[in-house]
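For reference, upload-v9.cif is printed below; it contains mmCIF, C-alpha atoms.
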```
data_my_file
loop_
_atom_site.label_atom_id
_atom_site.label_comp_id
_atom_site.auth_asym_id
_atom_site.auth_seq_id
_atom_site.Cartn_x
_atom_site.Cartn_y
_atom_site.Cartn_z
CA MET A 1 103.10 108.38 67.78
CA ASN A 2 100.50 108.02 70.52
CA LYS A 3 101.55 106.38 73.76
CA PRO A 4 99.59 103.23 74.75
CA PRO A 5 97.02 103.70 77.53
CA LEU A 6 98.32 103.22 81.05
CA PRO A 7 97.33 99.96 82.75
CA ALA A 8 95.37 99.72 85.96
CA GLY A 9 97.57 99.02 88.98
CA VAL A 10 97.43 96.86 92.09
CA ILE A 11 99.79 96.53 95.05
CA LEU A 12 99.75 93.23 96.92
CA ALA A 13 99.37 94.18 100.59
CA GLY A 14 97.74 91.09 102.05
CA GLY A 15 100.81 89.13 103.15
CA ARG A 16 101.17 87.72 106.65
CA SER A 17 104.49 89.48 107.41
CA ARG A 18 105.56 86.52 109.55
CA ARG A 19 109.27 87.40 109.41
CA MET A 20 108.86 91.07 110.30
CA GLN A 21 109.22 91.77 114.00
CA GLN A 22 107.11 94.93 113.87
CA GLY A 23 103.86 93.66 112.38
CA ASN A 24 102.57 94.55 108.91
CA LYS A 25 105.63 95.02 106.72
CA ALA A 26 103.77 97.47 104.48
CA LEU A 27 104.02 99.89 107.41
CA ALA A 28 107.71 99.29 108.18
CA VAL A 29 109.63 102.56 107.89
CA LEU A 30 112.42 103.04 105.34
CA ALA A 31 114.08 106.46 104.97
CA GLY A 32 111.35 108.10 107.01
CA GLN A 33 108.28 106.70 105.27
CA PRO A 34 106.40 103.38 105.12
CA LEU A 35 107.48 100.78 102.57
CA LEU A 36 104.05 100.93 101.01
CA GLN A 37 104.39 104.67 100.38
CA HIS A 38 107.66 104.07 98.51
CA VAL A 39 105.86 101.59 96.24
CA ILE A 40 102.86 103.89 95.74
CA ASP A 41 105.13 106.77 94.75
CA ARG A 42 106.94 104.64 92.17
CA LEU A 43 103.89 102.87 90.78
CA ARG A 44 101.30 105.65 90.65
CA PRO A 45 102.83 107.48 87.63
CA GLN A 46 102.77 104.20 85.68
CA VAL A 47 99.05 103.43 86.05
CA CYS A 48 95.65 104.99 85.42
CA SER A 49 94.20 103.76 88.73
CA LEU A 50 95.62 102.07 91.81
CA VAL A 51 94.19 99.73 94.46
CA LEU A 52 95.52 97.68 97.36
CA SER A 53 94.93 93.94 97.35
CA VAL A 54 94.21 92.65 100.88
CA ASP A 55 92.87 89.45 102.44
CA ALA A 56 90.25 91.57 104.19
CA TYR A 57 89.80 95.28 104.88
CA GLN A 58 92.60 96.78 107.03
CA SER A 59 91.91 100.04 108.87
CA THR A 60 95.67 100.64 109.27
CA LEU A 61 95.94 101.13 105.50
CA GLU A 62 93.30 103.88 105.32
CA THR A 63 95.94 106.59 105.64
CA PHE A 64 97.28 105.80 102.15
CA GLY A 65 94.02 106.87 100.55
CA LEU A 66 93.69 103.94 98.16
CA PRO A 67 90.73 101.60 97.66
CA GLN A 68 91.17 98.17 99.22
CA VAL A 69 90.11 95.12 97.23
CA SER A 70 89.49 92.01 99.33
CA ASP A 71 89.82 88.38 98.25
CA THR A 72 86.79 86.89 96.55
CA ARG A 73 86.21 84.43 99.41
CA ALA A 74 86.93 84.44 103.14
CA GLY A 75 90.46 83.53 104.16
CA SER A 76 93.63 84.20 102.24
CA CYS A 77 93.61 83.14 98.59
CA GLY A 78 97.30 83.95 98.28
CA PRO A 79 98.81 86.36 95.77
CA LEU A 80 96.97 84.70 92.88
CA GLY A 81 93.67 85.41 94.64
CA GLY A 82 94.75 89.02 95.12
CA LEU A 83 95.42 89.32 91.40
CA LEU A 84 91.99 87.90 90.59
CA ALA A 85 90.18 90.25 92.98
CA ALA A 86 92.01 93.25 91.50
CA MET A 87 91.22 92.16 87.96
CA LEU A 88 87.52 91.87 88.82
CA ALA A 89 87.69 95.46 90.12
CA MET A 90 89.53 96.90 87.09
CA PRO A 91 88.09 99.98 85.38
CA PRO A 92 86.03 98.84 82.37
CA ASP A 93 88.22 100.73 79.91
CA SER A 94 91.49 99.15 81.12
CA ASP A 95 92.87 96.13 79.29
CA TYR A 96 95.95 95.48 81.44
CA LEU A 97 96.69 95.20 85.15
CA LEU A 98 100.17 96.03 86.49
CA LEU A 99 101.06 94.13 89.65
CA ALA A 100 103.68 94.94 92.32
CA PRO A 101 104.27 93.90 95.95
CA CYS A 102 104.09 96.28 98.91
CA ASP A 103 107.65 95.52 100.02
CA ALA A 104 109.69 96.51 96.94
CA PRO A 105 110.76 100.15 97.45
CA PHE A 106 113.14 100.23 94.49
CA LEU A 107 110.85 98.99 91.70
CA PRO A 108 111.73 100.55 88.32
CA ALA A 109 110.01 103.65 86.99
CA GLN A 110 109.65 102.06 83.53
CA LEU A 111 108.38 98.70 84.77
CA GLY A 112 104.90 98.94 83.27
CA ALA A 113 106.00 100.29 79.89
CA ARG A 114 108.66 97.63 79.42
CA LEU A 115 106.37 94.78 80.50
CA LEU A 116 103.72 95.97 78.05
CA GLN A 117 106.18 96.26 75.19
CA CYS A 118 107.51 92.76 75.87
CA ALA A 119 104.01 91.23 76.07
CA GLN A 120 102.88 92.86 72.84
CA GLN A 121 106.02 91.88 70.96
CA ALA A 122 105.57 88.27 72.09
CA ARG A 123 101.82 88.42 71.33
CA LEU A 124 101.06 86.95 74.73
CA PRO A 125 98.46 88.06 77.33
CA GLY A 126 100.95 89.32 79.87
CA CYS A 127 104.54 89.45 80.97
CA VAL A 128 106.63 88.53 84.04
CA VAL A 129 110.01 89.93 85.07
CA GLU A 130 113.00 87.62 85.06
CA TYR A 131 115.99 88.96 87.00
CA GLN A 132 119.35 87.24 87.29
CA GLY A 133 117.82 83.97 86.11
CA GLU A 134 114.89 84.02 88.58
CA LEU A 135 111.25 84.68 87.76
CA GLN A 136 109.75 87.57 89.72
CA PRO A 137 106.00 86.97 89.25
CA THR A 138 104.88 89.69 91.67
CA PHE A 139 106.34 92.17 89.15
CA SER A 140 104.09 91.44 86.21
CA LEU A 141 101.45 92.59 83.73
CA TRP A 142 98.19 90.74 83.03
CA HIS A 143 95.59 91.18 80.27
CA ARG A 144 91.94 91.07 81.31
CA SER A 145 91.39 88.14 78.92
CA LEU A 146 93.02 85.97 81.63
CA GLN A 147 90.15 86.60 84.05
CA GLN A 148 88.28 83.37 83.35
CA ALA A 149 91.42 81.24 83.65
CA LEU A 150 92.25 82.99 86.93
CA GLN A 151 88.77 82.39 88.30
CA GLN A 152 89.02 78.70 87.50
CA ALA A 153 92.48 78.44 89.04
CA VAL A 154 91.55 80.25 92.28
CA GLN A 155 87.88 79.49 92.82
CA ARG A 156 87.62 76.01 91.30
CA ASP A 157 91.10 74.54 91.69
CA GLY A 158 92.23 76.32 94.85
CA LEU A 159 95.52 77.59 93.43
CA SER A 160 97.16 80.43 95.36
CA GLY A 161 100.65 80.87 93.90
CA PHE A 162 101.78 82.50 90.68
CA LYS A 163 104.20 79.77 89.67
CA GLN A 164 101.40 77.20 89.79
CA PHE A 165 99.33 79.33 87.45
CA LEU A 166 102.23 80.06 85.12
CA ASN A 167 102.59 76.31 84.56
CA ARG A 168 99.22 76.39 82.81
CA CYS A 169 99.31 79.88 81.24
CA GLU A 170 102.09 81.18 78.97
CA LEU A 171 103.25 84.74 79.61
CA ALA A 172 106.20 86.57 78.12
CA ARG A 173 109.39 86.94 80.15
CA LEU A 174 111.12 90.28 80.43
CA ARG A 175 114.79 89.65 81.19
CA TRP A 176 115.72 92.71 83.20
CA PRO A 177 119.45 93.49 83.03
CA ALA A 178 121.46 93.85 86.23
CA SER A 179 123.56 96.99 86.58
CA PRO A 180 126.90 96.38 88.34
CA ALA A 181 127.28 100.14 88.83
CA SER A 182 124.03 100.46 90.81
CA PRO A 183 123.74 99.62 94.53
CA PHE A 184 120.08 98.72 94.00
CA ASN A 185 118.47 95.41 93.13
CA PRO A 186 115.30 96.90 91.59
CA PHE A 187 113.26 93.86 92.66
CA PHE A 188 114.57 93.57 96.21
CA ASN A 189 111.81 92.40 98.57
CA ILE A 190 111.88 93.32 102.25
CA ASN A 191 110.68 90.36 104.31
CA SER A 192 112.61 90.77 107.57
CA ALA A 193 114.29 93.31 109.81
CA GLN A 194 117.59 92.25 108.24
CA ASP A 195 116.25 93.04 104.76
CA LEU A 196 115.11 96.44 105.98
CA ALA A 197 118.62 97.17 107.25
CA ARG A 198 120.05 96.12 103.89
CA ALA A 199 117.68 98.50 102.11
CA GLU A 200 118.78 101.35 104.38
CA ASP A 201 122.39 100.51 103.49
CA MET A 202 121.55 100.58 99.76
CA LEU A 203 120.05 104.03 100.13
CA ALA A 204 123.04 105.27 102.14
CA ARG A 205 125.48 104.06 99.48
CA ALA A 206 123.40 105.62 96.70
CA THR A 207 123.30 109.03 98.36
CA GLY A 208 126.69 108.97 100.09
#
```

Output the file's structure in the form of structure tokens.
Amino acid sequence: MNKPPLPAGVILAGGRSRRMQQGNKALAVLAGQPLLQHVIDRLRPQVCSLVLSVDAYQSTLETFGLPQVSDTRAGSCGPLGGLLAAMLAMPPDSDYLLLAPCDAPFLPAQLGARLLQCAQQARLPGCVVEYQGELQPTFSLWHRSLQQALQQAVQRDGLSGFKQFLNRCELARLRWPASPASPFNPFFNINSAQDLARAEDMLARATG
């Protein structure tokens, strides 16, 4: 049985990092390498192409060697605008776009495959992770057929958040099981210096 084609991939790297004391959180160091590199390493095998979504071009991200896709209009359009910009830049032969944030160093290796399976089984144009009863919309899969609806939401209606858009667009929900035996929350986001310390502790417990 042939495997389905890999989706295109995008990492949201345009956040303001207001709670990080050391600037852009994508560059914060965890276990000797930037958070963004952890995400790239986990996401790259799951996609056919990979870009960074940014508000505007950032020279500090050049070292990662990935194309940067800027918002479709000046000023931040929020994560929903980042999704739209990445979808407009998708390779023409890709039907799906796999989305992840730049601050989630433990994202699962089978994220894309499981999101795709869930979306296709539900016959819906995408899928969002649900973990411990909470939606995790930055871990999600989107079919290119949603492009027009996204353009209307971002460019016409000024929406910027995923939850706003999900109120008008039905996507499947992938209920990801928690593992009591694992020290990792696979969807743990690092938004502060305290979160970074917690992530270091998770790694220490996993390897200790």

Can you list what the PyMOL selection byres ((chain A and resi 34) around 12) grabs from this structure, as an mmCIF file with C-alpha atoms, in the coordinates of the input?
```cif
data_model
loop_
_atom_site.group_PDB
_atom_site.id
_atom_site.type_symbol
_atom_site.label_atom_id
_atom_site.label_comp_id
_atom_site.auth_asym_id
_atom_site.auth_seq_id
_atom_site.Cartn_x
_atom_site.Cartn_y
_atom_site.Cartn_z
ATOM 1 C CA ASN A 24 102.570 94.550 108.910
ATOM 2 C CA LYS A 25 105.630 95.020 106.720
ATOM 3 C CA ALA A 26 103.770 97.470 104.480
ATOM 4 C CA LEU A 27 104.020 99.890 107.410
ATOM 5 C CA ALA A 28 107.710 99.290 108.180
ATOM 6 C CA VAL A 29 109.630 102.560 107.890
ATOM 7 C CA LEU A 30 112.420 103.040 105.340
ATOM 8 C CA ALA A 31 114.080 106.460 104.970
ATOM 9 C CA GLY A 32 111.350 108.100 107.010
ATOM 10 C CA GLN A 33 108.280 106.700 105.270
ATOM 11 C CA LEU A 35 107.480 100.780 102.570
ATOM 12 C CA LEU A 36 104.050 100.930 101.010
ATOM 13 C CA GLN A 37 104.390 104.670 100.380
ATOM 14 C CA HIS A 38 107.660 104.070 98.510
ATOM 15 C CA VAL A 39 105.860 101.590 96.240
ATOM 16 C CA ILE A 40 102.860 103.890 95.740
ATOM 17 C CA ASP A 41 105.130 106.770 94.750
ATOM 18 C CA THR A 60 95.670 100.640 109.270
ATOM 19 C CA LEU A 61 95.940 101.130 105.500
ATOM 20 C CA THR A 63 95.940 106.590 105.640
ATOM 21 C CA PHE A 64 97.280 105.800 102.150
ATOM 22 C CA CYS A 102 104.090 96.280 98.910
ATOM 23 C CA ASP A 103 107.650 95.520 100.020
ATOM 24 C CA ALA A 104 109.690 96.510 96.940
ATOM 25 C CA PRO A 105 110.760 100.150 97.450
ATOM 26 C CA ILE A 190 111.880 93.320 102.250
ATOM 27 C CA LEU A 196 115.110 96.440 105.980
#
```

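Proximity to Leu84 (chain A) was assessed for A:Gln110, A:Gln136, A:Gln151, A:Gln121 counting all atoms listed in the file; the smallest distance is recorded for A:Gln151.
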
Distance in Å - CA of Tyr96 (chain A) versus CA of Ala8 (chain A): 6.2 Å

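Using all atoms listed in the file, the shortest contact distance between Pro67 (chain A) and any of A:Leu203, A:Ala172, A:Met90, A:Leu52 is found at A:Leu52.
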
Neighbour list for region 163-167 of chain A as a PyMOL selection string, cut-off 12 Å, all atoms listed in the file, skip fewer than 3 positions in-chain: chain A and resi 78-81+83-84+125-128+134-138+140+142+146+149-154+157-160+170-173

Produce a file of the selected residues containing C-alpha atoms, as a PDB file, in the frame of the given file.
```pdb
ATOM      1  CA  GLY A  78      97.300  83.950  98.280  1.00  0.00           C
ATOM      2  CA  PRO A  79      98.810  86.360  95.770  1.00  0.00           C
ATOM      3  CA  LEU A  80      96.970  84.700  92.880  1.00  0.00           C
ATOM      4  CA  GLY A  81      93.670  85.410  94.640  1.00  0.00           C
ATOM      5  CA  LEU A  83      95.420  89.320  91.400  1.00  0.00           C
ATOM      6  CA  LEU A  84      91.990  87.900  90.590  1.00  0.00           C
ATOM      7  CA  PRO A 125      98.460  88.060  77.330  1.00  0.00           C
ATOM      8  CA  GLY A 126     100.950  89.320  79.870  1.00  0.00           C
ATOM      9  CA  CYS A 127     104.540  89.450  80.970  1.00  0.00           C
ATOM     10  CA  VAL A 128     106.630  88.530  84.040  1.00  0.00           C
ATOM     11  CA  GLU A 134     114.890  84.020  88.580  1.00  0.00           C
ATOM     12  CA  LEU A 135     111.250  84.680  87.760  1.00  0.00           C
ATOM     13  CA  GLN A 136     109.750  87.570  89.720  1.00  0.00           C
ATOM     14  CA  PRO A 137     106.000  86.970  89.250  1.00  0.00           C
ATOM     15  CA  THR A 138     104.880  89.690  91.670  1.00  0.00           C
ATOM     16  CA  SER A 140     104.090  91.440  86.210  1.00  0.00           C
ATOM     17  CA  TRP A 142      98.190  90.740  83.030  1.00  0.00           C
ATOM     18  CA  LEU A 146      93.020  85.970  81.630  1.00  0.00           C
ATOM     19  CA  ALA A 149      91.420  81.240  83.650  1.00  0.00           C
ATOM     20  CA  LEU A 150      92.250  82.990  86.930  1.00  0.00           C
ATOM     21  CA  GLN A 151      88.770  82.390  88.300  1.00  0.00           C
ATOM     22  CA  GLN A 152      89.020  78.700  87.500  1.00  0.00           C
ATOM     23  CA  ALA A 153      92.480  78.440  89.040  1.00  0.00           C
ATOM     24  CA  VAL A 154      91.550  80.250  92.280  1.00  0.00           C
ATOM     25  CA  ASP A 157      91.100  74.540  91.690  1.00  0.00           C
ATOM     26  CA  GLY A 158      92.230  76.320  94.850  1.00  0.00           C
ATOM     27  CA  LEU A 159      95.520  77.590  93.430  1.00  0.00           C
ATOM     28  CA  SER A 160      97.160  80.430  95.360  1.00  0.00           C
ATOM     29  CA  GLU A 170     102.090  81.180  78.970  1.00  0.00           C
ATOM     30  CA  LEU A 171     103.250  84.740  79.610  1.00  0.00           C
ATOM     31  CA  ALA A 172     106.200  86.570  78.120  1.00  0.00           C
ATOM     32  CA  ARG A 173     109.390  86.940  80.150  1.00  0.00           C
TER      33      ARG A 173
END
```

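If all atoms listed in the file are the atoms counted, then among A:Lys3, A:Gln132, A:Ala13, A:Leu43 the closest residue to Ala178 (chain A) is A:Gln132.
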
Can you list, as a PyMOL selection string, every protein, DNA or RNA residue that comes within 7 Å of region 86-89 of chain A when you count only C-alpha atoms, leaving out same-chain residues fewer than 4 positions away? chain A and resi 10+53+69+82+97+144+147

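Closest approach to Leu12 (chain A) from the set A:Phe106, A:Tyr131, A:Phe139, A:Phe188 is made by A:Phe139, with distances taken over all atoms listed in the file.
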